[in-house]
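First comes the structure, then the notes that go with it.
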Amino acid sequence: MTVYAQPDATGHFGRFGGRFMPEALVAPLDELAEAWADAQADPSFLGELDRMFREYANVPSPLYDATRFSEAVGARVLLKREDLNHTGAHKIRNVLGQALLAKRIGKPRAIAETGAGQHGVASATACAYLDLDCTVYMGEVDTERQALNVARMKMLGAEVVPVTTGSRTLKDAINEALRDWVASVDHTSYLFGTAAGPHPFPTMVRDLTRGIGDEARRQVLELTGSLPDAAVACVGGGSNAIGLFTAFIDDADVQLLGVEAGGDGYETGRHASPITAGEVGVLHGARSYLLQDEDGQTMESHSISAGLDYPGVGPEHSYLASIGRARYVPATDAQAMSAFDLLCKTEGIIPAIESAHALAGAVELAKELGPDATILVNLSGRGDKDVHTAAEYFGLIDGPVVLEEGVEE
Amino acid sequence: MSSSIDALFERTRAEGRAALVGYLPAGFPDVETSVAALTAMIEGGCDLVEIGLPYSDPVMDGPTIQEAAETALANGFRTSHTFDVVRRVADAGAPVVVMTYWNPVERYGVDRFAADLAAAGGAGLITPDLIPDEAQEWEEASRAHGLDRTYLVAPSSTDRRLSMTADAASGFIYATAVMGVTGARQETSSLAPELVARLREVTDKPVGVGLGVSNGAQAHEIAQYADAVIVGSAFVRRLLDAPDTAGGVESVRELARELREGVVR
Ligand SMILES: Cc1ncc(COP(=O)(O)O)c(C=O)c1O
């Protein structure tokens, strides 16, 4: 058996990945790759990061045997509780690592893009903690649907810049962050929010999030005495999914299932499922699956989940799909919200809507695998940020508020 | 084999001046006006024109060119229009190159794009987000169809990358004068002379300097040390600010005249 070893020295996962970037950023990206390799070989850096994870971020996160949810879906479901991390999602792992690296390189300013606001909040948090100036780019549409996270970032001392170009969502926030970075790279680090973008980001982000799977693999073995039958995660850019999958790639018997945002259903064209329904192209510095029109213009994605609402995906997922090691399926808004509701009602856990897509994938997989199966699901984040969206979806607050029987205000 | 771009730089070097290179996006604000404006640019004195291919995610461009690209796309621009525009401008008396982000080329088919560009009379391609490291397919297609490959270099490029990029390029090399995106700037760059000097150490190929150049005085300054002065956003601005398209086209012609006076050493 050959051991999985990707990417190659230039950041290619097979024909995916690489570096499609303005030359101005190439030398800085080389420096970043080198700095990251150095840091990873330095026990004092790794020790400090580990300390921050434990003392500050509440990592390692627990594994949780979701018995009532399991009963409802008909297979044993184990949840990796990334929702319990500081700032409420797996994103803190990635950002603490990148921010500590920024500190080590000596760049005093950090920029980040954000969609749902989770990565922006995590970045603002890490920058407050490590004393870095922080600017977060966020599409104007997202600043409106995630207003609470905008307030959080500002409270933490970050500047939030609403992006008004293009579709005014995550992809445009990335464009704007890249434009900032070309002009500021001598004193600014770009804290990239997912396992996409030009080399070395997909690899560096994977290195930082792979603790999810490494921990979960040990935890599942300890709890059940064997490996799970499947590991399931939602896929936006792909950081929580690659963080979960990496530990299991050489375990051929463990199915890897990535769940893309199916929006209204991928057959309607309103979705965010590039691996399921997109085609190979180049966006934001890497070759990968992509939602694009006949001319290669990027198409807008659609999802109830702001964190999955991105027309691209990290290159390693495209590679894993192409070699058949991981399978990628869409879950519609309706399927995700049904799984969201089920987890709330059976376990008393409100998941992030992103993570609810992974739960929806597990619901379908349970039907395939049957009651003896063990399914590991990465619960990538908690749903506090989504209360408004979910309440609106379920019709819990949008109607007129009833004060007394018969009296409406 | 000598290309039309090689011939141009032989001529301007013999004349002891820098070449003037102007950029405008195809299809902005519509196909007809872009053809008229590009033609006016050449009549006003541009020695070479770059026709931009509007793209949804132009990360190297500032607000001016972003706005132009958005307008062109909103007005129904398609990749195939690029070749129409090239064809109609190619006879106006200056070599024509296309400047494009990579994904539209990859989507069209790299070899097919090269074939159609060559057939339309285009001389080459400028690729702001394709570095030679990733350009094997383009290298082959451009050679097969006799097109020049212009890559960008930047003040941050290492000596090793400058030399590698210069080797891979043909026609001319595009030196970005500042660390940043496109957009007119008032000052000339203090980084550009050094970047060009570093390039001269590793190559004899012509070097054009662009990013931020907007007037005759800046053009004159750059002409002292570069083989070409490249102007983009300032031309786009002329079209954006004009009260009507005819006025915009005339304004583009005037700017080309002013810049052309500047590039004489
Ligand atoms: C909780 C949560 N899960 C998942 C994602 C999707 O990102 P990725 O695919 O990089 O894990 C996000 C993004 O905001 C998120 O907030």
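So you can find residues: chains in the structure tokens are A, B, ... in the order shown, residues in each start at 1, and ligands are numbered from 1 in order.
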Pull out every residue of chain A that has at least one atom within 7 Å of chain B, counting only C-alpha atoms, and report them as a CSV table (one decimal) with all heavy atoms, in the first residue's frame.
chain,number,residue,atom,x,y,z
A,20,PHE,N,-1.7,30.4,-9.0
A,20,PHE,CA,-2.1,31.3,-10.1
A,20,PHE,C,-2.3,32.6,-9.4
A,20,PHE,O,-3.4,33.0,-9.0
A,20,PHE,CB,-3.4,30.7,-10.7
A,20,PHE,CG,-3.1,29.4,-11.4
A,20,PHE,CD1,-3.1,28.2,-10.7
A,20,PHE,CD2,-2.8,29.4,-12.8
A,20,PHE,CE1,-2.9,27.0,-11.4
A,20,PHE,CE2,-2.6,28.2,-13.4
A,20,PHE,CZ,-2.6,27.0,-12.7
A,21,MET,N,-1.2,33.4,-9.3
A,21,MET,CA,-1.2,34.6,-8.5
A,21,MET,C,-0.3,35.6,-9.2
A,21,MET,O,0.6,35.3,-10.0
A,21,MET,CB,-0.5,34.3,-7.2
A,21,MET,CG,-1.4,33.8,-6.1
A,21,MET,SD,-2.4,35.1,-5.3
A,21,MET,CE,-4.0,34.7,-5.8
A,22,PRO,N,-0.6,36.9,-9.0
A,22,PRO,CA,0.3,37.9,-9.5
A,22,PRO,C,1.7,37.7,-9.0
A,22,PRO,O,1.9,37.3,-7.8
A,22,PRO,CB,-0.3,39.2,-8.9
A,22,PRO,CG,-1.7,38.9,-8.5
A,22,PRO,CD,-1.8,37.5,-8.3
A,23,GLU,N,2.7,37.9,-9.9
A,23,GLU,CA,4.1,37.7,-9.5
A,23,GLU,C,4.5,38.4,-8.2
A,23,GLU,O,5.3,37.9,-7.5
A,23,GLU,CB,5.0,38.1,-10.7
A,23,GLU,CG,6.4,38.3,-10.4
A,23,GLU,CD,7.1,37.0,-10.1
A,23,GLU,OE1,6.6,35.9,-10.4
A,23,GLU,OE2,8.2,37.1,-9.5
A,24,ALA,N,3.8,39.6,-8.0
A,24,ALA,CA,4.2,40.4,-6.8
A,24,ALA,C,4.0,39.6,-5.5
A,24,ALA,O,4.7,39.8,-4.6
A,24,ALA,CB,3.3,41.7,-6.8
A,27,ALA,N,7.0,35.8,-4.4
A,27,ALA,CA,8.1,35.7,-3.5
A,27,ALA,C,7.6,35.7,-2.0
A,27,ALA,O,8.1,34.9,-1.2
A,27,ALA,CB,9.1,36.8,-3.8
A,175,ASN,N,-11.1,38.7,-3.0
A,175,ASN,CA,-10.5,39.5,-4.0
A,175,ASN,C,-10.0,40.8,-3.4
A,175,ASN,O,-8.8,41.2,-3.6
A,175,ASN,CB,-11.5,40.0,-5.1
A,175,ASN,CG,-12.0,38.8,-6.0
A,175,ASN,OD1,-11.3,37.8,-6.0
A,175,ASN,ND2,-13.1,39.0,-6.6
A,178,LEU,N,-6.9,40.2,-1.2
A,178,LEU,CA,-5.7,40.0,-2.0
A,178,LEU,C,-5.2,41.4,-2.6
A,178,LEU,O,-4.0,41.6,-2.6
A,178,LEU,CB,-6.0,39.1,-3.2
A,178,LEU,CG,-6.2,37.6,-2.8
A,178,LEU,CD1,-6.7,36.8,-4.0
A,178,LEU,CD2,-4.8,37.0,-2.4
A,179,ARG,N,-6.1,42.3,-2.9
A,179,ARG,CA,-5.7,43.6,-3.4
A,179,ARG,C,-5.0,44.4,-2.3
A,179,ARG,O,-4.0,45.1,-2.6
A,179,ARG,CB,-6.9,44.4,-3.9
A,179,ARG,CG,-7.5,43.8,-5.2
A,179,ARG,CD,-8.7,44.6,-5.7
A,179,ARG,NE,-9.4,43.9,-6.8
A,179,ARG,CZ,-10.6,43.5,-6.8
A,179,ARG,NH1,-11.4,43.8,-5.8
A,179,ARG,NH2,-11.1,42.8,-7.8
A,182,VAL,N,-1.4,42.7,-1.9
A,182,VAL,CA,-0.4,43.0,-2.9
A,182,VAL,C,0.3,44.3,-2.5
A,182,VAL,O,1.5,44.5,-2.7
A,182,VAL,CB,-1.0,43.2,-4.3
A,182,VAL,CG1,0.1,43.6,-5.3
A,182,VAL,CG2,-1.6,41.9,-4.7
A,183,ALA,N,-0.4,45.2,-1.9
A,183,ALA,CA,0.1,46.5,-1.6
A,183,ALA,C,0.8,46.6,-0.2
A,183,ALA,O,1.4,47.6,0.1
A,183,ALA,CB,-0.9,47.6,-1.7
A,281,GLY,N,-11.4,24.7,-12.9
A,281,GLY,CA,-11.0,26.0,-13.4
A,281,GLY,C,-10.0,26.5,-12.4
A,281,GLY,O,-9.6,25.9,-11.4
A,282,VAL,N,-9.7,27.8,-12.5
A,282,VAL,CA,-8.8,28.5,-11.7
A,282,VAL,C,-9.5,29.7,-11.0
A,282,VAL,O,-10.1,30.5,-11.7
A,282,VAL,CB,-7.5,29.0,-12.5
A,282,VAL,CG1,-6.7,30.0,-11.6
A,282,VAL,CG2,-6.7,27.8,-12.9
A,295,ASP,N,-17.8,30.9,-20.2
A,295,ASP,CA,-16.7,31.7,-20.5
A,295,ASP,C,-15.7,31.7,-19.4
A,295,ASP,O,-14.7,32.4,-19.4
A,295,ASP,CB,-17.1,33.1,-20.8
A,295,ASP,CG,-17.6,33.3,-22.2
A,295,ASP,OD1,-17.6,32.3,-23.0
A,295,ASP,OD2,-18.1,34.4,-22.6
A,296,GLY,N,-15.9,30.9,-18.3
A,296,GLY,CA,-15.0,30.9,-17.2
A,296,GLY,C,-15.2,32.1,-16.2
A,296,GLY,O,-14.3,32.3,-15.4
A,297,GLN,N,-16.3,32.8,-16.4
A,297,GLN,CA,-16.6,33.8,-15.4
A,297,GLN,C,-17.2,33.1,-14.2
A,297,GLN,O,-18.0,32.1,-14.3
A,297,GLN,CB,-17.7,34.8,-15.9
A,297,GLN,CG,-17.3,35.4,-17.3
A,297,GLN,CD,-16.1,36.4,-17.2
A,297,GLN,OE1,-15.7,36.9,-16.1
A,297,GLN,NE2,-15.6,36.8,-18.4
A,298,THR,N,-16.8,33.5,-13.0
A,298,THR,CA,-17.3,32.8,-11.8
A,298,THR,C,-18.8,33.1,-11.6
A,298,THR,O,-19.2,34.2,-11.8
A,298,THR,CB,-16.5,33.4,-10.6
A,298,THR,OG1,-15.1,33.4,-10.8
A,298,THR,CG2,-16.8,32.6,-9.3
Running DSSP on the backbone, which parts of stretch 23-237 of chain B land in helix (DSSP H, G or I), as a CSV table (one decimal) with N, CA and C atoms, in the first residue's frame?
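Okay, this is what ended up in states-v4.csv:
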chain,number,residue,atom,x,y,z
B,31,VAL,N,-19.0,46.7,-27.3
B,31,VAL,CA,-18.0,46.3,-28.3
B,31,VAL,C,-17.6,47.4,-29.3
B,32,GLU,N,-18.6,48.0,-29.8
B,32,GLU,CA,-18.4,49.1,-30.8
B,32,GLU,C,-17.5,50.2,-30.3
B,33,THR,N,-17.9,50.7,-29.1
B,33,THR,CA,-17.1,51.8,-28.5
B,33,THR,C,-15.7,51.3,-28.2
B,34,SER,N,-15.5,50.1,-27.7
B,34,SER,CA,-14.1,49.7,-27.4
B,34,SER,C,-13.3,49.6,-28.7
B,35,VAL,N,-13.9,49.2,-29.8
B,35,VAL,CA,-13.1,49.2,-31.1
B,35,VAL,C,-12.7,50.6,-31.4
B,36,ALA,N,-13.7,51.6,-31.3
B,36,ALA,CA,-13.4,52.9,-31.7
B,36,ALA,C,-12.3,53.5,-30.8
B,37,ALA,N,-12.4,53.2,-29.5
B,37,ALA,CA,-11.5,53.8,-28.6
B,37,ALA,C,-10.1,53.3,-28.8
B,38,LEU,N,-10.0,51.9,-29.0
B,38,LEU,CA,-8.7,51.3,-29.2
B,38,LEU,C,-8.0,51.9,-30.5
B,39,THR,N,-8.9,52.1,-31.5
B,39,THR,CA,-8.4,52.6,-32.8
B,39,THR,C,-7.9,54.1,-32.6
B,40,ALA,N,-8.6,54.9,-31.8
B,40,ALA,CA,-8.2,56.2,-31.5
B,40,ALA,C,-6.9,56.3,-30.7
B,41,MET,N,-6.8,55.3,-29.9
B,41,MET,CA,-5.6,55.2,-29.1
B,41,MET,C,-4.4,55.0,-30.0
B,42,ILE,N,-4.5,54.2,-31.0
B,42,ILE,CA,-3.4,53.9,-31.9
B,42,ILE,C,-3.2,55.2,-32.8
B,43,GLU,N,-4.3,55.8,-33.3
B,43,GLU,CA,-4.1,57.0,-34.1
B,43,GLU,C,-3.5,58.2,-33.3
B,44,GLY,N,-3.8,58.2,-32.0
B,44,GLY,CA,-3.2,59.2,-31.1
B,44,GLY,C,-1.8,59.0,-30.8
B,63,PRO,N,-10.2,50.0,-8.6
B,63,PRO,CA,-11.6,50.3,-8.8
B,63,PRO,C,-12.0,50.7,-10.3
B,64,THR,N,-11.1,51.4,-10.9
B,64,THR,CA,-11.4,51.9,-12.3
B,64,THR,C,-11.6,50.7,-13.3
B,65,ILE,N,-10.6,49.8,-13.3
B,65,ILE,CA,-10.7,48.7,-14.3
B,65,ILE,C,-11.8,47.7,-13.8
B,66,GLN,N,-11.9,47.6,-12.5
B,66,GLN,CA,-13.0,46.7,-12.0
B,66,GLN,C,-14.4,47.2,-12.5
B,67,GLU,N,-14.5,48.5,-12.4
B,67,GLU,CA,-15.8,49.1,-12.9
B,67,GLU,C,-16.0,48.8,-14.4
B,68,ALA,N,-15.0,49.0,-15.1
B,68,ALA,CA,-15.1,48.8,-16.6
B,68,ALA,C,-15.4,47.3,-16.9
B,69,ALA,N,-14.8,46.4,-16.2
B,69,ALA,CA,-15.0,45.0,-16.4
B,69,ALA,C,-16.5,44.6,-16.0
B,70,GLU,N,-16.9,45.1,-14.9
B,70,GLU,CA,-18.3,44.8,-14.5
B,70,GLU,C,-19.3,45.4,-15.5
B,71,THR,N,-19.0,46.6,-16.0
B,71,THR,CA,-19.9,47.1,-17.0
B,71,THR,C,-19.9,46.3,-18.3
B,72,ALA,N,-18.7,45.9,-18.7
B,72,ALA,CA,-18.7,45.1,-20.0
B,72,ALA,C,-19.4,43.8,-19.8
B,73,LEU,N,-19.2,43.1,-18.6
B,73,LEU,CA,-19.9,41.8,-18.4
B,73,LEU,C,-21.4,42.0,-18.3
B,74,ALA,N,-21.8,43.1,-17.7
B,74,ALA,CA,-23.2,43.4,-17.5
B,74,ALA,C,-23.9,43.7,-18.9
B,79,THR,N,-16.3,35.9,-24.2
B,79,THR,CA,-14.9,35.7,-24.6
B,79,THR,C,-14.7,35.9,-26.1
B,80,SER,N,-15.7,35.3,-26.9
B,80,SER,CA,-15.5,35.4,-28.4
B,80,SER,C,-15.5,36.8,-28.9
B,81,HIS,N,-16.1,37.7,-28.2
B,81,HIS,CA,-16.0,39.1,-28.6
B,81,HIS,C,-14.6,39.7,-28.6
B,82,THR,N,-13.7,39.1,-27.8
B,82,THR,CA,-12.3,39.5,-27.7
B,82,THR,C,-11.7,39.4,-29.1
B,83,PHE,N,-12.0,38.3,-29.8
B,83,PHE,CA,-11.3,38.0,-31.1
B,83,PHE,C,-11.9,39.0,-32.1
B,84,ASP,N,-13.2,39.3,-32.0
B,84,ASP,CA,-13.8,40.3,-33.0
B,84,ASP,C,-13.0,41.7,-32.8
B,85,VAL,N,-12.9,42.0,-31.5
B,85,VAL,CA,-12.2,43.3,-31.3
B,85,VAL,C,-10.8,43.3,-31.8
B,86,VAL,N,-10.1,42.2,-31.5
B,86,VAL,CA,-8.7,42.1,-32.0
B,86,VAL,C,-8.6,42.3,-33.5
B,87,ARG,N,-9.5,41.5,-34.1
B,87,ARG,CA,-9.6,41.5,-35.6
B,87,ARG,C,-9.8,42.9,-36.2
B,88,ARG,N,-10.7,43.7,-35.5
B,88,ARG,CA,-11.0,45.0,-36.1
B,88,ARG,C,-10.0,46.1,-35.7
B,89,VAL,N,-9.1,45.8,-34.7
B,89,VAL,CA,-8.1,46.8,-34.3
B,89,VAL,C,-6.8,46.4,-35.0
B,90,ALA,N,-6.6,45.2,-35.4
B,90,ALA,CA,-5.3,44.7,-35.8
B,90,ALA,C,-4.7,45.4,-37.0
B,91,ASP,N,-5.6,46.0,-37.8
B,91,ASP,CA,-5.2,46.7,-39.0
B,91,ASP,C,-4.9,48.2,-38.8
B,92,ALA,N,-5.0,48.6,-37.6
B,92,ALA,CA,-4.9,50.1,-37.3
B,92,ALA,C,-3.5,50.6,-37.2
B,102,TRP,N,-6.3,34.2,-16.1
B,102,TRP,CA,-6.1,32.9,-16.7
B,102,TRP,C,-7.3,32.0,-16.9
B,103,ASN,N,-8.3,32.1,-16.0
B,103,ASN,CA,-9.4,31.2,-16.1
B,103,ASN,C,-10.2,31.2,-17.4
B,104,PRO,N,-10.5,32.4,-17.9
B,104,PRO,CA,-11.2,32.5,-19.2
B,104,PRO,C,-10.4,31.7,-20.4
B,105,VAL,N,-9.1,31.8,-20.3
B,105,VAL,CA,-8.3,31.1,-21.4
B,105,VAL,C,-8.4,29.6,-21.2
B,106,GLU,N,-8.2,29.2,-19.9
B,106,GLU,CA,-8.3,27.8,-19.6
B,106,GLU,C,-9.7,27.2,-20.0
B,107,ARG,N,-10.7,28.0,-19.7
B,107,ARG,CA,-12.1,27.6,-20.0
B,107,ARG,C,-12.3,27.5,-21.5
B,108,TYR,N,-11.8,28.4,-22.3
B,108,TYR,CA,-12.0,28.4,-23.7
B,108,TYR,C,-11.2,27.3,-24.4
B,110,VAL,N,-6.8,26.3,-24.0
B,110,VAL,CA,-5.6,27.1,-24.2
B,110,VAL,C,-5.2,27.1,-25.6
B,111,ASP,N,-5.2,25.9,-26.3
B,111,ASP,CA,-4.7,25.9,-27.7
B,111,ASP,C,-5.7,26.6,-28.6
B,112,ARG,N,-7.0,26.4,-28.3
B,112,ARG,CA,-8.0,27.0,-29.1
B,112,ARG,C,-8.0,28.5,-29.0
B,113,PHE,N,-7.7,29.0,-27.8
B,113,PHE,CA,-7.6,30.4,-27.5
B,113,PHE,C,-6.4,31.0,-28.4
B,114,ALA,N,-5.3,30.3,-28.3
B,114,ALA,CA,-4.1,30.7,-29.0
B,114,ALA,C,-4.4,30.7,-30.5
B,115,ALA,N,-5.0,29.7,-31.0
B,115,ALA,CA,-5.3,29.6,-32.4
B,115,ALA,C,-6.2,30.8,-32.9
B,116,ASP,N,-7.3,31.0,-32.1
B,116,ASP,CA,-8.2,32.1,-32.5
B,116,ASP,C,-7.6,33.4,-32.4
B,117,LEU,N,-6.7,33.6,-31.4
B,117,LEU,CA,-6.1,34.9,-31.2
B,117,LEU,C,-5.1,35.2,-32.4
B,118,ALA,N,-4.4,34.1,-32.7
B,118,ALA,CA,-3.4,34.3,-33.9
B,118,ALA,C,-4.2,34.5,-35.1
B,119,ALA,N,-5.3,33.8,-35.3
B,119,ALA,CA,-6.1,34.0,-36.6
B,119,ALA,C,-6.7,35.4,-36.7
B,132,PRO,N,5.3,31.8,-15.0
B,132,PRO,CA,5.9,30.8,-15.9
B,132,PRO,C,5.9,29.4,-15.2
B,133,ASP,N,5.9,29.4,-13.9
B,133,ASP,CA,5.9,28.1,-13.2
B,133,ASP,C,4.7,27.3,-13.5
B,134,GLU,N,3.6,27.9,-13.9
B,134,GLU,CA,2.3,27.2,-14.2
B,134,GLU,C,2.0,27.2,-15.6
B,136,GLN,N,3.1,25.8,-18.6
B,136,GLN,CA,3.6,24.8,-19.6
B,136,GLN,C,2.7,24.7,-20.8
B,137,GLU,N,1.4,24.6,-20.5
B,137,GLU,CA,0.4,24.5,-21.6
B,137,GLU,C,0.4,25.7,-22.5
B,138,TRP,N,0.5,26.9,-21.9
B,138,TRP,CA,0.5,28.2,-22.6
B,138,TRP,C,1.8,28.3,-23.4
B,139,GLU,N,2.9,27.9,-22.8
B,139,GLU,CA,4.2,27.9,-23.5
B,139,GLU,C,4.1,27.1,-24.8
B,140,GLU,N,3.5,25.9,-24.8
B,140,GLU,CA,3.4,25.1,-25.9
B,140,GLU,C,2.5,25.7,-27.0
B,141,ALA,N,1.3,26.2,-26.5
B,141,ALA,CA,0.3,26.7,-27.4
B,141,ALA,C,0.8,28.0,-28.1
B,142,SER,N,1.5,28.9,-27.3
B,142,SER,CA,2.0,30.1,-27.9
B,142,SER,C,3.0,29.9,-28.9
B,143,ARG,N,3.9,28.9,-28.6
B,143,ARG,CA,4.9,28.6,-29.6
B,143,ARG,C,4.3,28.0,-30.9
B,144,ALA,N,3.3,27.2,-30.7
B,144,ALA,CA,2.7,26.5,-31.9
B,144,ALA,C,2.0,27.6,-32.8
B,159,ASP,N,15.9,37.9,-7.6
B,159,ASP,CA,16.7,37.9,-8.7
B,159,ASP,C,16.6,36.6,-9.5
B,160,ARG,N,16.4,35.5,-8.8
B,160,ARG,CA,16.2,34.2,-9.4
B,160,ARG,C,14.9,34.2,-10.3
B,161,ARG,N,13.9,34.8,-9.7
B,161,ARG,CA,12.6,34.8,-10.4
B,161,ARG,C,12.6,35.8,-11.6
B,162,LEU,N,13.3,36.9,-11.4
B,162,LEU,CA,13.5,37.8,-12.5
B,162,LEU,C,14.1,37.1,-13.7
B,163,SER,N,15.2,36.4,-13.5
B,163,SER,CA,15.9,35.8,-14.5
B,163,SER,C,15.1,34.6,-15.2
B,164,MET,N,14.4,33.9,-14.3
B,164,MET,CA,13.6,32.8,-14.8
B,164,MET,C,12.4,33.3,-15.7
B,165,THR,N,11.8,34.4,-15.2
B,165,THR,CA,10.6,35.0,-15.9
B,165,THR,C,11.1,35.6,-17.2
B,166,ALA,N,12.2,36.3,-17.2
B,166,ALA,CA,12.7,36.9,-18.4
B,166,ALA,C,13.0,35.9,-19.5
B,167,ASP,N,13.6,34.8,-19.0
B,167,ASP,CA,13.9,33.7,-20.0
B,167,ASP,C,12.6,33.1,-20.6
B,168,ALA,N,11.5,33.0,-19.8
B,168,ALA,CA,10.3,32.5,-20.3
B,168,ALA,C,9.5,33.4,-21.2
B,192,ALA,N,10.4,51.5,-9.5
B,192,ALA,CA,10.5,51.0,-10.9
B,192,ALA,C,11.9,51.1,-11.5
B,193,PRO,N,12.6,52.2,-11.3
B,193,PRO,CA,14.0,52.3,-11.9
B,193,PRO,C,14.9,51.2,-11.4
B,194,GLU,N,14.8,50.8,-10.1
B,194,GLU,CA,15.6,49.8,-9.6
B,194,GLU,C,15.2,48.4,-10.2
B,195,LEU,N,13.9,48.2,-10.3
B,195,LEU,CA,13.4,47.0,-10.8
B,195,LEU,C,13.9,46.8,-12.3
B,196,VAL,N,13.8,47.8,-13.0
B,196,VAL,CA,14.3,47.8,-14.4
B,196,VAL,C,15.8,47.5,-14.5
B,197,ALA,N,16.5,48.2,-13.6
B,197,ALA,CA,18.0,48.0,-13.6
B,197,ALA,C,18.3,46.5,-13.2
B,198,ARG,N,17.6,46.0,-12.3
B,198,ARG,CA,17.8,44.5,-11.9
B,198,ARG,C,17.5,43.6,-13.1
B,199,LEU,N,16.4,44.0,-13.9
B,199,LEU,CA,16.1,43.2,-15.1
B,199,LEU,C,17.2,43.3,-16.1
B,200,ARG,N,17.8,44.5,-16.3
B,200,ARG,CA,18.8,44.7,-17.3
B,200,ARG,C,20.0,43.8,-17.0
B,201,GLU,N,20.2,43.4,-15.7
B,201,GLU,CA,21.3,42.6,-15.4
B,201,GLU,C,21.1,41.1,-15.9
B,202,VAL,N,19.9,40.8,-16.1
B,202,VAL,CA,19.6,39.4,-16.5
B,202,VAL,C,19.1,39.2,-17.9
B,216,GLY,N,1.6,62.7,-19.2
B,216,GLY,CA,2.8,62.9,-20.1
B,216,GLY,C,4.1,63.0,-19.3
B,217,ALA,N,4.1,63.7,-18.2
B,217,ALA,CA,5.3,63.9,-17.4
B,217,ALA,C,5.8,62.6,-16.8
B,218,GLN,N,4.8,61.8,-16.3
B,218,GLN,CA,5.2,60.5,-15.8
B,218,GLN,C,5.8,59.6,-16.9
B,219,ALA,N,5.1,59.7,-18.0
B,219,ALA,CA,5.6,58.9,-19.2
B,219,ALA,C,7.0,59.3,-19.6
B,220,HIS,N,7.2,60.6,-19.6
B,220,HIS,CA,8.6,61.1,-19.9
B,220,HIS,C,9.6,60.5,-19.0
B,221,GLU,N,9.3,60.6,-17.7
B,221,GLU,CA,10.3,60.1,-16.7
B,221,GLU,C,10.6,58.6,-16.9
B,222,ILE,N,9.6,57.8,-17.1
B,222,ILE,CA,9.8,56.4,-17.3
B,222,ILE,C,10.5,56.1,-18.6
B,223,ALA,N,10.2,56.9,-19.6
B,223,ALA,CA,10.9,56.7,-20.9
B,223,ALA,C,12.4,56.8,-20.8
B,233,SER,N,-5.4,52.4,-16.6
B,233,SER,CA,-6.5,53.0,-15.9
B,233,SER,C,-6.8,54.4,-16.4
B,234,ALA,N,-5.8,55.2,-16.7
B,234,ALA,CA,-6.0,56.6,-17.1
B,234,ALA,C,-6.9,56.6,-18.4
B,235,PHE,N,-6.6,55.7,-19.3
B,235,PHE,CA,-7.5,55.6,-20.5
B,235,PHE,C,-8.9,55.2,-20.2
B,236,VAL,N,-9.0,54.2,-19.3
B,236,VAL,CA,-10.4,53.8,-18.9
B,236,VAL,C,-11.1,54.9,-18.2
B,237,ARG,N,-10.4,55.7,-17.4
B,237,ARG,CA,-11.0,56.8,-16.7
B,237,ARG,C,-11.6,57.8,-17.7
Between A:Ile174, A:Ala336, A:Ala5, A:Ala352, which one has atoms that come closest to ligand 1, using only C-alpha atoms and all ligand atoms? A:Ala352
If the limit is 8 Å from any atom of ligand 1, counting only C-alpha atoms and all ligand atoms, which residues qualify? Return them as a PyMOL selection string. chain A and resi 83+88-91+114-119+193-195+234-242+306-308+313+352-355+379-383
Non-local contacts of A:Val185 (12 Å; only C-alpha atoms; under 4 positions in same chain excluded) as a PyMOL selection string: (chain A and resi 24-29+31-32+102+105-111+177-181+189-191) or (chain B and resi 155-156+179-180)
Spatial neighbours of stretch 16-20 of chain B, 9 Å, only C-alpha atoms, chain gap at least 2 places, as number ranges by chain: B: 8-9, 11-14, 22, 45-49, 208, 219-220, 222-231, 256, 259-260, 263-265
Next, write the just-selected residues to a file, as a CSV table (one decimal), in the first residue's frame, keeping C-alpha atoms as the atom set.
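What ended up in again09.csv:
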chain,number,residue,atom,x,y,z
B,8,LEU,CA,8.3,47.4,-32.9
B,9,PHE,CA,11.0,47.5,-30.3
B,11,ARG,CA,12.2,50.5,-34.4
B,12,THR,CA,11.6,52.5,-31.2
B,13,ARG,CA,15.2,51.7,-30.0
B,14,ALA,CA,16.5,52.9,-33.4
B,22,GLY,CA,-2.2,51.6,-24.0
B,45,GLY,CA,0.2,57.6,-30.9
B,46,CYS,CA,0.1,54.3,-29.1
B,47,ASP,CA,2.7,51.9,-30.5
B,48,LEU,CA,1.1,48.8,-29.1
B,49,VAL,CA,-2.3,48.1,-27.6
B,208,GLY,CA,7.7,48.0,-20.3
B,219,ALA,CA,5.6,58.9,-19.2
B,220,HIS,CA,8.6,61.1,-19.9
B,222,ILE,CA,9.8,56.4,-17.3
B,223,ALA,CA,10.9,56.7,-20.9
B,224,GLN,CA,14.3,57.6,-19.6
B,225,TYR,CA,15.0,54.1,-18.4
B,226,ALA,CA,12.3,51.7,-19.8
B,227,ASP,CA,11.6,50.4,-23.4
B,228,ALA,CA,7.9,51.0,-23.0
B,229,VAL,CA,5.5,53.0,-21.0
B,230,ILE,CA,2.3,51.2,-20.2
B,231,VAL,CA,-0.9,53.1,-19.4
B,256,ALA,CA,-2.6,59.1,-26.3
B,259,LEU,CA,1.5,60.5,-23.5
B,260,ARG,CA,3.2,60.1,-26.9
B,263,VAL,CA,7.8,59.1,-24.3
B,264,VAL,CA,10.2,60.9,-26.6
B,265,ARG,CA,13.5,61.0,-24.7
Long-range neighbours of A:Val77 as an MDAnalysis selection string, 9 Å cut-off, only C-alpha atoms, 4 positions minimum in chain: chainID A and resid 64:67 69:71 73 362 366 373:377
